[in-house]
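Step one of this worksheet: look at the structure below.
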Amino acid sequence: MSKERFIVAITGASGHIYGIRLLETLRELGLETHLVMSRSAIVALAHETDLKLKDVHALADCVHGNDDVAAPISSGSFRTRGMIIAPCTTKTLGEIASGACGTLVSRAADVVLKERRRLVMMLRETPLHLGHLRNMVTVTEIGAIIMPPVPAFYPKPATIDEIVDHTVGRALDLFDLDSGRFKRWKEPSADVRK
Ligand SMILES: Cc1cc2nc3c(=O)[nH]c(=O)nc-3n(C[C@H](O)[C@H](O)[C@H](O)COP(=O)(O)O)c2cc1C
């Protein structure tokens with residue numbers, strides 16, 4: 001395998017900017033990205049950003065349709081470093097928790113988990129009811145990492161970009177990938193790539 005592959009899923013929650021920055025950062029790091037977006041993600045995109053769907057697609061190396069359950073990322077034999085769902089809805093959380101994987105997003109996540117690869121879910125909803133919390137416990141028990149995009153304020157972010165870079169960088173840390181795009185605690189800020 002020449003380039004390492006990485007799956008990025010964008011679902012219809014608020015926070016598309018996280019998935020977009022993730023694609024940009026993975027490209028900088030030289031990974032081959034496989035993007036899948038849910039139908040609701042495409043709807044929500046227009047509400048949150050000025051980007052067109054083609055602009056988001058252009059950030060990925062390969063784009064797969066969410067109904068294409070025969071796409072390469074639907075098989076465990078297609079090796080990947082893992083997957084981040086950014087942002088992740090409570091609906092997609094529920095699908096993954098139940099194992100009822102009727103879309104490529106949930107199928108690819110299920111595959112990542114069964115192959116014991118890393119799955120990070122940037123779940124975005126608030127407040128949460130007990131059903132959401134139970135689903136979070138279930139996916140954690142089967143190997144996923146729930147990482148809500150909760151901003152850190154100790155780095156004193158001056159822009160939304162800094163907040164997003166911090167969260168995306170911490171998510172990539174979970175794959176031992178250093179984005180180089182945020183200031184680490186008690187490390188010099190000169191190391192941060194802009
Ligand atoms: C603009 C917009 C923002 C939304 N934000 C959220 C959200 O933050 N979290 C969430 O769980 N659902 C959110 N939804 C609802 C989901 O898009 C909806 O439940 C959808 O069926 C999820 O499908 P998916 O998981 O296949 O993307 C939002 C919908 C819209 C249109």
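Residues are referred to by chain and number: the chain letter is A, B, ... according to the order shown in the structure tokens, the number counts from 1 in that chain, and ligands are numbered separately from 1 in the order shown.
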Ligand 1: which residues are within 9 Å, counting only C-alpha atoms and all ligand atoms, as a VMD selection string? chain A and resid 10 to 15 37 to 48 66 87 to 95 103 105 to 106 123 to 126
Go ahead and dump the residues you just picked, N, CA and C atoms, as an mmCIF file, in the first residue's frame.
```cif
data_model
loop_
_atom_site.group_PDB
_atom_site.id
_atom_site.type_symbol
_atom_site.label_atom_id
_atom_site.label_comp_id
_atom_site.auth_asym_id
_atom_site.auth_seq_id
_atom_site.Cartn_x
_atom_site.Cartn_y
_atom_site.Cartn_z
ATOM 1 N N ILE A 10 -19.055 12.600 6.800
ATOM 2 C CA ILE A 10 -19.727 13.826 7.247
ATOM 3 C C ILE A 10 -21.217 13.528 7.277
ATOM 4 N N THR A 11 -21.839 13.672 8.452
ATOM 5 C CA THR A 11 -23.277 13.434 8.548
ATOM 6 C C THR A 11 -23.989 14.762 8.842
ATOM 7 N N GLY A 12 -25.313 14.685 8.954
ATOM 8 C CA GLY A 12 -26.107 15.916 8.947
ATOM 9 C C GLY A 12 -26.234 16.658 10.260
ATOM 10 N N ALA A 13 -25.177 16.686 11.040
ATOM 11 C CA ALA A 13 -25.163 17.473 12.281
ATOM 12 C C ALA A 13 -24.528 18.830 12.023
ATOM 13 N N SER A 14 -24.651 19.704 12.977
ATOM 14 C CA SER A 14 -23.977 20.988 12.888
ATOM 15 C C SER A 14 -22.471 20.764 13.064
ATOM 16 N N GLY A 15 -21.674 21.535 12.330
ATOM 17 C CA GLY A 15 -20.219 21.407 12.484
ATOM 18 C C GLY A 15 -19.522 20.818 11.276
ATOM 19 N N MET A 37 -20.581 11.167 2.487
ATOM 20 C CA MET A 37 -21.475 12.126 3.147
ATOM 21 C C MET A 37 -22.896 11.574 3.116
ATOM 22 N N SER A 38 -23.599 11.747 4.224
ATOM 23 C CA SER A 38 -24.997 11.316 4.246
ATOM 24 C C SER A 38 -25.849 12.334 3.472
ATOM 25 N N ARG A 39 -27.066 11.912 3.145
ATOM 26 C CA ARG A 39 -27.986 12.811 2.440
ATOM 27 C C ARG A 39 -28.246 14.071 3.286
ATOM 28 N N SER A 40 -28.421 13.895 4.585
ATOM 29 C CA SER A 40 -28.690 15.040 5.464
ATOM 30 C C SER A 40 -27.478 15.963 5.562
ATOM 31 N N ALA A 41 -26.297 15.400 5.431
ATOM 32 C CA ALA A 41 -25.092 16.235 5.454
ATOM 33 C C ALA A 41 -25.114 17.207 4.283
ATOM 34 N N ILE A 42 -25.570 16.730 3.150
ATOM 35 C CA ILE A 42 -25.610 17.589 1.962
ATOM 36 C C ILE A 42 -26.623 18.721 2.178
ATOM 37 N N VAL A 43 -27.743 18.407 2.855
ATOM 38 C CA VAL A 43 -28.744 19.433 3.181
ATOM 39 C C VAL A 43 -28.154 20.449 4.165
ATOM 40 N N ALA A 44 -27.531 19.937 5.223
ATOM 41 C CA ALA A 44 -27.016 20.813 6.285
ATOM 42 C C ALA A 44 -25.862 21.687 5.789
ATOM 43 N N LEU A 45 -25.086 21.175 4.834
ATOM 44 C CA LEU A 45 -23.939 21.928 4.295
ATOM 45 C C LEU A 45 -24.371 23.322 3.836
ATOM 46 N N ALA A 46 -25.491 23.368 3.137
ATOM 47 C CA ALA A 46 -25.962 24.645 2.582
ATOM 48 C C ALA A 46 -26.369 25.625 3.682
ATOM 49 N N HIS A 47 -26.752 25.089 4.847
ATOM 50 C CA HIS A 47 -27.168 25.962 5.956
ATOM 51 C C HIS A 47 -25.974 26.549 6.701
ATOM 52 N N GLU A 48 -24.839 25.880 6.607
ATOM 53 C CA GLU A 48 -23.718 26.246 7.479
ATOM 54 C C GLU A 48 -22.532 26.896 6.803
ATOM 55 N N ASN A 66 -23.423 7.492 -0.375
ATOM 56 C CA ASN A 66 -23.839 6.848 0.873
ATOM 57 C C ASN A 66 -24.703 5.615 0.641
ATOM 58 N N PRO A 87 -19.076 16.076 11.350
ATOM 59 C CA PRO A 87 -19.704 15.778 12.629
ATOM 60 C C PRO A 87 -20.545 14.511 12.526
ATOM 61 N N CYS A 88 -20.947 13.984 13.676
ATOM 62 C CA CYS A 88 -21.740 12.757 13.727
ATOM 63 C C CYS A 88 -23.091 13.042 14.373
ATOM 64 N N THR A 89 -24.166 12.627 13.710
ATOM 65 C CA THR A 89 -25.511 12.841 14.271
ATOM 66 C C THR A 89 -25.859 11.736 15.274
ATOM 67 N N THR A 90 -26.912 12.009 16.034
ATOM 68 C CA THR A 90 -27.418 10.978 16.945
ATOM 69 C C THR A 90 -28.062 9.842 16.148
ATOM 70 N N LYS A 91 -28.543 10.143 14.952
ATOM 71 C CA LYS A 91 -29.130 9.067 14.114
ATOM 72 C C LYS A 91 -28.047 8.077 13.697
ATOM 73 N N THR A 92 -26.925 8.617 13.209
ATOM 74 C CA THR A 92 -25.826 7.725 12.794
ATOM 75 C C THR A 92 -25.268 6.980 14.004
ATOM 76 N N LEU A 93 -25.185 7.667 15.143
ATOM 77 C CA LEU A 93 -24.782 6.989 16.383
ATOM 78 C C LEU A 93 -25.689 5.786 16.647
ATOM 79 N N GLY A 94 -27.006 6.002 16.510
ATOM 80 C CA GLY A 94 -27.971 4.930 16.777
ATOM 81 C C GLY A 94 -27.797 3.761 15.819
ATOM 82 N N GLU A 95 -27.540 4.064 14.550
ATOM 83 C CA GLU A 95 -27.332 2.984 13.569
ATOM 84 C C GLU A 95 -26.113 2.144 13.936
ATOM 85 N N THR A 103 -26.513 2.158 5.426
ATOM 86 C CA THR A 103 -25.878 3.177 4.588
ATOM 87 C C THR A 103 -24.371 2.902 4.573
ATOM 88 N N VAL A 105 -22.073 5.074 5.330
ATOM 89 C CA VAL A 105 -21.456 5.657 6.534
ATOM 90 C C VAL A 105 -21.453 4.630 7.665
ATOM 91 N N SER A 106 -22.626 4.071 7.953
ATOM 92 C CA SER A 106 -22.706 3.150 9.100
ATOM 93 C C SER A 106 -22.035 1.812 8.780
ATOM 94 N N LEU A 123 -19.532 13.361 17.863
ATOM 95 C CA LEU A 123 -20.971 13.465 18.062
ATOM 96 C C LEU A 123 -21.358 14.897 18.433
ATOM 97 N N ARG A 124 -22.372 15.431 17.727
ATOM 98 C CA ARG A 124 -22.781 16.824 17.973
ATOM 99 C C ARG A 124 -24.278 16.873 18.225
ATOM 100 N N GLU A 125 -24.628 16.967 19.463
ATOM 101 C CA GLU A 125 -26.008 17.232 19.865
ATOM 102 C C GLU A 125 -25.980 17.718 21.297
ATOM 103 N N THR A 126 -26.934 18.566 21.640
ATOM 104 C CA THR A 126 -27.047 18.997 23.024
ATOM 105 C C THR A 126 -28.413 19.604 23.251
#
```
Show me, as an MDAnalysis selection string, the residues that have an atom within 7 Å of range 155-165 of chain A when counting only C-alpha atoms, minus same-chain residues fewer than 5 positions from it. chainID A and resid 18 181:182
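Atom pair CA of Ser179 in chain A / CA of Val137 in chain A: separated by 28.3 Å.
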From the DSSP assignment of the backbone, select every residue of chain A that is strand (DSSP E or B), and format the answer as an MDAnalysis selection string. chainID A and resid 5:10 32:37 62:64 82:88 118:123 145:146
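A straight line drawn from CA of Leu104 in chain A to CA of Glu4 in chain A is 20.1 Å long.
Note that the spacing between CA of His64 in chain A and CA of His34 in chain A amounts to 7.2 Å.
Of the residues under consideration (A:Ile7, A:Ala144, A:Leu53, A:Ile96), A:Ile7 shows the shortest atom-to-atom contact distance to Arg79 in chain A when counting only C-alpha atoms.
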